[in-house]
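The file model.txt contains compact mmCIF, C-alpha atoms:
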```
# COMPACT_ATOMS: atom_id res chain seq x y z
CA MET A 1 0.00 0.00 0.00
CA MET A 2 3.03 2.22 0.29
CA LYS A 3 3.00 4.38 -2.85
CA LEU A 4 -0.76 4.74 -3.00
CA ALA A 5 -0.84 5.45 0.72
CA GLN A 6 1.80 8.15 0.33
CA TRP A 7 -0.20 9.84 -2.42
CA LEU A 8 -3.43 9.63 -0.45
CA TRP A 9 -1.75 11.14 2.60
CA GLY A 10 -0.29 13.95 0.55
CA LEU A 11 -3.63 14.70 -1.06
CA ALA A 12 -5.40 14.53 2.28
CA ILE A 13 -3.02 17.05 3.81
CA LEU A 14 -3.29 19.46 0.89
CA GLY A 15 -7.00 18.81 0.61
CA SER A 16 -7.59 19.82 4.20
CA THR A 17 -5.10 22.68 4.48
CA TRP A 18 -6.33 24.62 1.48
CA PRO A 19 -10.05 24.78 2.39
CA ALA A 20 -9.11 25.43 6.01
CA LEU A 21 -7.04 28.44 5.00
CA THR A 22 -9.40 29.83 2.39
CA THR A 23 -12.56 29.57 4.46
CA GLY A 24 -10.86 31.04 7.48
CA ALA A 25 -11.80 28.01 9.55
CA LEU A 26 -8.52 28.26 11.40
CA GLY A 27 -9.40 31.78 12.42
CA LEU A 28 -6.17 33.23 11.01
CA GLU A 29 -6.02 36.81 9.79
CA LEU A 30 -4.42 36.45 6.34
CA SER A 31 -3.32 39.40 4.25
CA LEU A 32 -5.31 40.07 1.06
CA SER A 33 -2.41 39.39 -1.31
CA PHE A 34 -1.80 36.03 0.36
CA GLN A 35 -5.46 35.13 -0.06
CA GLU A 36 -5.40 36.20 -3.71
CA VAL A 37 -2.60 33.73 -4.38
CA LEU A 38 -4.07 30.98 -2.25
CA TRP A 39 -7.50 30.88 -3.84
CA PRO A 40 -6.56 29.75 -7.37
CA LEU A 41 -3.58 27.70 -6.19
CA PRO A 42 -5.02 24.18 -6.75
CA ALA A 43 -6.09 25.00 -10.29
CA TYR A 44 -2.73 26.59 -10.94
CA LEU A 45 -0.86 23.55 -9.59
CA LEU A 46 -2.97 21.21 -11.71
CA VAL A 47 -2.26 23.14 -14.88
CA SER A 48 1.43 23.38 -14.03
CA ALA A 49 1.58 19.63 -13.43
CA GLY A 50 -0.05 19.03 -16.80
CA CYS A 51 2.41 21.35 -18.54
CA TYR A 52 5.32 19.71 -16.78
CA ALA A 53 4.14 16.27 -17.87
CA LEU A 54 3.67 17.32 -21.49
CA GLY A 55 6.94 19.20 -21.52
CA THR A 56 8.93 16.33 -20.05
CA VAL A 57 7.46 13.69 -22.33
CA GLY A 58 7.86 15.98 -25.33
CA TYR A 59 11.48 16.67 -24.50
CA CYS A 60 12.21 12.99 -23.91
CA VAL A 61 10.63 11.99 -27.22
CA ALA A 62 12.55 14.70 -29.06
CA THR A 63 15.85 13.62 -27.57
CA PHE A 64 15.18 9.89 -27.87
CA HIS A 65 18.37 8.55 -29.35
CA ASP A 66 18.07 6.75 -32.71
CA CYS A 67 20.68 4.04 -32.92
CA GLU A 68 21.42 3.98 -36.63
CA ASP A 69 24.97 2.72 -36.08
CA ALA A 70 23.80 -0.13 -33.90
CA ALA A 71 21.37 -1.29 -36.57
CA ARG A 72 24.03 -1.15 -39.27
CA GLU A 73 26.57 -2.94 -37.12
CA LEU A 74 24.03 -5.65 -36.32
CA GLN A 75 23.30 -6.20 -40.00
CA SER A 76 26.94 -6.69 -40.89
CA GLN A 77 27.48 -8.97 -37.90
CA ILE A 78 24.51 -11.07 -38.96
CA GLN A 79 26.20 -11.65 -42.33
CA GLU A 80 29.44 -12.55 -40.62
CA ALA A 81 27.67 -14.89 -38.21
CA ARG A 82 25.81 -16.75 -40.94
CA ALA A 83 29.00 -17.30 -42.89
CA ASP A 84 30.93 -18.49 -39.87
CA LEU A 85 28.18 -20.80 -38.66
CA ALA A 86 27.75 -22.31 -42.11
CA ARG A 87 31.48 -23.03 -42.10
CA ARG A 88 31.11 -24.79 -38.78
CA GLY A 89 28.39 -27.00 -40.16
CA LEU A 90 25.15 -25.33 -39.14
CA ARG A 91 22.24 -26.18 -41.39
CA PHE A 92 19.93 -23.17 -41.31
CA MET B 1 49.62 -12.21 -7.71
CA ALA B 2 48.15 -10.81 -4.52
CA SER B 3 45.31 -9.06 -6.28
CA LEU B 4 43.43 -12.25 -7.04
CA GLU B 5 41.29 -12.10 -3.91
CA VAL B 6 38.04 -10.21 -3.99
CA SER B 7 39.27 -6.77 -3.05
CA GLY B 8 36.10 -4.86 -3.87
CA SER B 9 37.94 -2.06 -5.67
CA PRO B 10 37.12 -1.42 -9.33
CA PRO B 11 39.28 -3.33 -11.85
CA ARG B 12 42.04 -1.10 -13.18
CA SER B 13 42.15 -2.58 -16.64
CA ARG B 14 40.40 -4.91 -19.02
CA ARG B 15 43.10 -7.46 -18.28
CA GLU B 16 42.33 -7.29 -14.59
CA LEU B 17 38.64 -7.70 -15.31
CA GLU B 18 39.45 -10.82 -17.30
CA VAL B 19 41.66 -12.24 -14.58
CA ARG B 20 39.16 -11.62 -11.82
CA SER B 21 36.25 -12.82 -13.90
CA THR B 22 37.73 -16.02 -15.24
CA LEU B 23 39.02 -17.16 -11.91
CA GLN B 24 36.06 -16.44 -9.74
CA ASP B 25 32.90 -15.67 -11.66
CA LYS B 26 30.75 -17.50 -14.12
CA TYR B 27 27.93 -15.88 -16.04
CA SER B 28 24.86 -17.89 -17.04
CA VAL B 29 22.77 -16.42 -19.84
CA LEU B 30 19.13 -17.47 -19.75
CA LEU B 31 17.54 -17.49 -23.20
CA PRO B 32 13.86 -18.37 -23.18
CA THR B 33 12.89 -18.97 -26.80
CA TYR B 34 9.71 -19.43 -28.75
CA ASN B 35 9.90 -19.66 -32.53
CA GLU B 36 13.39 -18.20 -32.76
CA ARG B 37 14.81 -20.58 -35.32
CA GLU B 38 16.21 -17.73 -37.40
CA ASN B 39 17.62 -15.66 -34.57
CA LEU B 40 18.91 -18.28 -32.15
CA PRO B 41 22.13 -19.15 -34.03
CA LEU B 42 22.87 -15.47 -34.48
CA ILE B 43 22.38 -14.49 -30.86
CA VAL B 44 24.45 -17.47 -29.70
CA TRP B 45 27.22 -16.54 -32.14
CA LEU B 46 27.24 -12.97 -30.84
CA LEU B 47 27.24 -14.15 -27.22
CA VAL B 48 30.14 -16.53 -27.81
CA LYS B 49 32.04 -13.75 -29.60
CA SER B 50 31.53 -11.21 -26.79
CA PHE B 51 32.42 -13.62 -24.01
CA SER B 52 35.44 -15.11 -25.77
CA GLU B 53 36.86 -11.72 -26.71
CA SER B 54 36.62 -10.59 -23.09
CA GLY B 55 37.86 -13.84 -21.58
CA ILE B 56 34.76 -14.26 -19.46
CA ASN B 57 33.59 -17.64 -18.18
CA TYR B 58 30.05 -18.31 -19.36
CA GLU B 59 27.30 -20.71 -20.25
CA ILE B 60 24.18 -20.20 -22.33
CA ILE B 61 21.00 -21.93 -21.19
CA ILE B 62 18.39 -22.23 -23.91
CA ILE B 63 14.87 -22.77 -22.61
CA ASP B 64 12.70 -23.55 -25.58
CA ASP B 65 8.97 -23.86 -25.00
CA GLY B 66 8.18 -26.51 -27.58
CA SER B 67 8.57 -24.21 -30.58
CA PRO B 68 6.88 -25.65 -33.66
CA ASP B 69 9.34 -24.03 -36.09
CA GLY B 70 12.32 -26.24 -35.29
CA THR B 71 14.11 -23.97 -32.82
CA ARG B 72 15.06 -27.01 -30.78
CA ASP B 73 16.74 -28.64 -33.75
CA VAL B 74 18.87 -25.56 -34.33
CA ALA B 75 19.67 -25.43 -30.61
CA GLU B 76 20.94 -29.02 -30.75
CA GLN B 77 23.21 -28.16 -33.66
CA LEU B 78 24.61 -25.22 -31.72
CA GLU B 79 25.28 -27.49 -28.77
CA LYS B 80 27.33 -29.76 -31.04
CA ILE B 81 29.27 -26.82 -32.47
CA TYR B 82 30.09 -25.02 -29.24
CA GLY B 83 30.06 -27.86 -26.74
CA SER B 84 27.57 -28.91 -24.11
CA ASP B 85 29.55 -27.17 -21.37
CA ARG B 86 28.80 -23.84 -23.04
CA ILE B 87 25.37 -24.46 -24.55
CA LEU B 88 22.84 -26.08 -22.23
CA LEU B 89 19.52 -27.18 -23.62
CA ARG B 90 16.74 -27.24 -21.09
CA PRO B 91 13.52 -27.27 -23.11
CA ARG B 92 9.94 -27.45 -21.96
CA GLU B 93 6.91 -29.07 -23.51
CA LYS B 94 4.78 -26.04 -24.19
CA LYS B 95 4.60 -22.28 -23.87
CA LEU B 96 4.63 -21.44 -20.18
CA GLY B 97 5.40 -18.08 -18.56
CA LEU B 98 8.63 -16.12 -18.56
CA GLY B 99 8.98 -16.29 -14.78
CA THR B 100 8.78 -20.08 -14.80
CA ALA B 101 11.28 -20.16 -17.68
CA TYR B 102 13.76 -18.27 -15.52
CA ILE B 103 13.15 -20.58 -12.58
CA HIS B 104 13.61 -23.61 -14.79
CA GLY B 105 16.79 -22.18 -16.29
CA MET B 106 18.27 -21.21 -12.95
CA LYS B 107 17.91 -24.72 -11.59
CA HIS B 108 20.53 -25.77 -14.13
CA ALA B 109 22.71 -22.67 -13.98
CA THR B 110 26.18 -23.16 -12.59
CA GLY B 111 27.12 -19.50 -12.76
CA ASN B 112 27.03 -17.11 -9.83
CA TYR B 113 25.61 -14.36 -12.05
CA ILE B 114 22.59 -14.60 -14.32
CA ILE B 115 22.03 -12.53 -17.45
CA ILE B 116 18.57 -12.29 -18.90
CA MET B 117 17.93 -10.92 -22.35
CA ASP B 118 15.73 -11.23 -25.42
CA ALA B 119 16.66 -13.81 -28.03
CA ASP B 120 15.38 -11.78 -30.98
CA LEU B 121 18.54 -9.69 -31.48
CA SER B 122 17.02 -6.53 -29.97
CA HIS B 123 19.59 -6.82 -27.18
CA HIS B 124 23.21 -6.95 -28.28
CA PRO B 125 25.64 -9.13 -26.30
CA LYS B 126 28.39 -6.55 -26.76
CA PHE B 127 26.93 -4.74 -23.74
CA ILE B 128 27.44 -7.70 -21.43
CA PRO B 129 31.12 -6.93 -20.65
CA GLU B 130 29.95 -3.39 -19.80
CA PHE B 131 27.30 -4.79 -17.47
CA ILE B 132 29.98 -6.88 -15.80
CA ARG B 133 32.34 -3.94 -15.48
CA LYS B 134 29.56 -1.81 -14.00
CA GLN B 135 28.61 -4.53 -11.55
CA LYS B 136 32.18 -4.82 -10.30
CA GLU B 137 32.58 -1.05 -10.14
CA GLY B 138 29.69 -0.53 -7.74
CA ASN B 139 29.31 -4.05 -6.38
CA PHE B 140 25.71 -3.91 -7.56
CA ASP B 141 23.17 -6.65 -7.00
CA ILE B 142 21.51 -5.85 -10.32
CA VAL B 143 22.68 -4.08 -13.46
CA SER B 144 19.91 -2.96 -15.78
CA GLY B 145 20.26 -1.92 -19.40
CA THR B 146 18.50 1.37 -20.07
CA ARG B 147 17.26 2.82 -23.33
CA TYR B 148 16.39 6.14 -21.76
CA LYS B 149 19.63 7.43 -20.29
CA GLY B 150 23.12 8.32 -21.47
CA ASN B 151 23.57 7.26 -25.06
CA GLY B 152 21.03 4.49 -24.75
CA GLY B 153 18.39 4.49 -27.45
CA VAL B 154 16.31 2.55 -29.93
CA TYR B 155 16.22 1.84 -33.63
CA GLY B 156 13.09 1.11 -35.63
CA TRP B 157 10.47 2.98 -33.66
CA ASP B 158 8.19 5.58 -35.21
CA LEU B 159 7.03 8.72 -33.43
CA LYS B 160 3.87 7.13 -32.03
CA ARG B 161 5.80 4.27 -30.49
CA LYS B 162 8.31 6.66 -28.94
CA ILE B 163 5.56 8.80 -27.45
CA ILE B 164 3.86 5.77 -25.93
CA SER B 165 7.15 4.51 -24.56
CA ARG B 166 8.23 7.81 -23.02
CA GLY B 167 4.74 8.55 -21.75
CA ALA B 168 4.51 5.15 -20.08
CA ASN B 169 7.95 5.59 -18.57
CA PHE B 170 7.06 9.06 -17.28
CA LEU B 171 3.92 7.70 -15.61
CA THR B 172 5.93 4.86 -14.10
CA GLN B 173 8.57 7.23 -12.72
CA ILE B 174 5.94 9.52 -11.18
CA LEU B 175 3.87 6.76 -9.61
CA LEU B 176 6.53 4.29 -8.56
CA ARG B 177 9.70 6.40 -8.18
CA PRO B 178 11.68 3.25 -8.81
CA GLY B 179 15.22 4.62 -8.91
CA ALA B 180 15.85 3.05 -12.32
CA SER B 181 15.24 4.79 -15.61
CA ASP B 182 14.07 1.84 -17.73
CA LEU B 183 11.62 -0.36 -15.92
CA THR B 184 10.17 -2.39 -18.76
CA GLY B 185 13.56 -3.33 -20.14
CA SER B 186 14.57 -6.99 -19.93
CA PHE B 187 18.30 -6.87 -20.54
CA ARG B 188 19.76 -7.31 -17.07
CA LEU B 189 22.48 -8.88 -14.99
CA TYR B 190 21.56 -10.29 -11.59
CA ARG B 191 23.44 -12.01 -8.84
CA LYS B 192 22.01 -15.51 -8.85
CA GLU B 193 20.66 -15.42 -5.30
CA VAL B 194 19.08 -12.01 -5.92
CA LEU B 195 17.19 -13.26 -8.98
CA GLU B 196 16.02 -16.33 -7.10
CA LYS B 197 14.70 -14.21 -4.26
CA LEU B 198 12.95 -11.74 -6.58
CA ILE B 199 11.24 -14.36 -8.72
CA GLU B 200 9.87 -15.91 -5.57
CA LYS B 201 8.24 -12.60 -4.68
CA CYS B 202 6.93 -11.48 -8.06
CA VAL B 203 3.41 -12.26 -9.18
CA SER B 204 2.89 -10.36 -12.45
CA LYS B 205 3.24 -11.54 -16.03
CA GLY B 206 4.94 -10.26 -19.16
CA TYR B 207 6.75 -6.94 -19.04
CA VAL B 208 4.92 -5.93 -15.87
CA PHE B 209 6.90 -8.80 -14.38
CA GLN B 210 10.11 -7.01 -15.39
CA MET B 211 8.82 -3.84 -13.73
CA GLU B 212 7.85 -5.67 -10.59
CA MET B 213 11.33 -7.18 -10.28
CA ILE B 214 12.92 -3.76 -10.05
CA VAL B 215 10.28 -2.41 -7.66
CA ARG B 216 10.65 -5.41 -5.36
CA ALA B 217 14.42 -5.13 -5.60
CA ARG B 218 14.20 -1.60 -4.24
CA GLN B 219 11.92 -2.77 -1.46
CA LEU B 220 14.47 -5.39 -0.46
CA ASN B 221 17.22 -2.76 -0.60
CA TYR B 222 19.15 -4.34 -3.43
CA THR B 223 21.45 -1.98 -5.31
CA ILE B 224 20.84 -1.30 -8.98
CA GLY B 225 23.34 0.01 -11.52
CA GLU B 226 22.51 1.11 -15.04
CA VAL B 227 24.23 0.82 -18.40
CA PRO B 228 22.92 2.59 -21.53
CA ILE B 229 22.06 0.11 -24.26
CA SER B 230 20.82 0.29 -27.82
CA PHE B 231 17.64 -1.60 -28.58
CA VAL B 232 17.31 -2.59 -32.22
CA ASP B 233 13.69 -3.44 -32.83
CA ARG B 234 13.31 -5.55 -35.96
CA VAL B 235 10.01 -7.00 -34.80
CA TYR B 236 8.01 -3.82 -34.32
CA GLY B 237 6.98 -3.62 -37.95
CA GLU B 238 5.13 -6.92 -37.56
CA SER B 239 3.62 -6.56 -34.13
CA LYS B 240 2.33 -3.07 -33.47
CA LEU B 241 1.81 -2.06 -29.89
CA GLY B 242 -1.95 -2.49 -29.59
CA GLY B 243 -4.62 -1.19 -27.27
CA ASN B 244 -4.62 -4.47 -25.39
CA GLU B 245 -1.00 -4.17 -24.37
CA ILE B 246 -1.47 -0.58 -23.26
CA VAL B 247 -4.46 -1.53 -21.11
CA SER B 248 -2.64 -4.43 -19.49
CA PHE B 249 0.38 -2.20 -18.88
CA LEU B 250 -1.81 0.38 -17.10
CA ARG B 251 -3.50 -2.33 -15.06
CA GLY B 252 -0.12 -3.72 -14.05
CA LEU B 253 1.21 -0.27 -13.20
CA LEU B 254 -1.78 0.57 -11.02
CA THR B 255 -1.54 -2.79 -9.28
CA LEU B 256 2.12 -2.15 -8.47
CA PHE B 257 1.22 1.38 -7.36
CA ALA B 258 -1.38 0.06 -4.94
CA THR B 259 0.52 -2.92 -3.63
CA THR B 260 4.16 -1.87 -3.25
```
Take the structure I supplied and represent it as structure tokens, if you would.
Amino acid sequence: MMKLAQWLWGLAILGSTWPALTTGALGLELSLSFQEVLWPLPAYLLVSAGCYALGTVGYCVATFHDCEDAARELQSQIQEARADLARRGLRF
Amino acid sequence: MASLEVSGSPPRSRRELEVRSTLQDKYSVLLPTYNERENLPLIVWLLVKSFSESGINYEIIIIDDGSPDGTRDVAEQLEKIYGSDRILLRPREKKLGLGTAYIHGMKHATGNYIIIMDADLSHHPKFIPEFIRKQKEGNFDIVSGTRYKGNGGVYGWDLKRKIISRGANFLTQILLRPGASDLTGSFRLYRKEVLEKLIEKCVSKGYVFQMEMIVRARQLNYTIGEVPISFVDRVYGESKLGGNEIVSFLRGLLTLFATT
């Protein structure tokens, strides 16, 4: 249950702190600018997470290494292998 | 030569790697095969070449699951060519799972390290000496080949396949935080006792099985090293990654997420 439990805990903490702060349930006097940032914070974090995910996957796909040399090398080694094995008596 | 004992420090040269390896360590390669008549001779040839050139003590265990295309016949010829101390045939009657193939193979393995890899030439044996070097360098329990780090990569994948692969890997990293960059890869070196322990604990099938091995390894505090590898996919053209595989991958991922 570890990973799921960790996520649930994290969400529970955030999910209780944010409403507690925004509805003033804790009875704290928060400055107006702080409240202005706090209010849209979950939406903002969600959008940021989405952008991060897209950005990371996009970057990784763009930089995904294409092993042309490996393919070429394999092809020539296959030829070599077939010749050598035939010499040693392999019937393909 | 006083340096022949296990000193734990990294080998200073290729020669020292050879000396240490040949005198103490033996590497058993497990090759589960199904309908690999074409590829089996080639992969065995490449394995023999890599091991011989590096002076490493090895054996190759071929576990054929009753292939109808004559893979077993080719395997028997290879055994005659290279000797039954190097090529071990341990076939099974029909197609059973990968996990059980490993268990079956390990029963007959006389090496203290096990290498698992695909028999379809997507994994190149030339990386095995690098795996061995890496393992000695960090005294790792497991060395995993990665396509996603360093100059690791793939050949033969189109954009869609790359997106799916990277997307799946991203999801896996976020949810499981596994400490290894390539979880679905199956080109790895294990200490024999580590592989035995992990197979005992793993319950999944297919490539989720490969993922579960790494996740369980982290749970048991085994150390994992990584080596960039190139994955040459010659099969992709024939077997596209379908919706079914994606669904079963997600199911497996969520199961691991909820249970580990």
Worksheet entry | Proximal residues of chain A relative to chain B (all atoms listed in the file; 12 Å) as a VMD selection string | chain A and resid 1 to 8 49 52 to 92
Item to complete: Please provide as a PyMOL selection string all residues within 12 Å of Phe187 in chain B, with the sequence filter that same-chain residues fewer than 2 positions apart are discarded (counting all atoms listed in the file).
Response: chain B and resi 29-31+114-128+131+142-147+182-185+189-190+207+210+226-231
Worksheet item: Any idea what the distance is between CA of Leu14 in chain A and CA of Leu26 in chain A?
Response: 14.7 Å
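Going from CA of Ile61 in chain B over to CA of Lys201 in chain B, you cover 22.9 Å.
Here CA of Glu36 in chain A is placed at a distance of 18.3 Å from CA of Ser16 in chain A.
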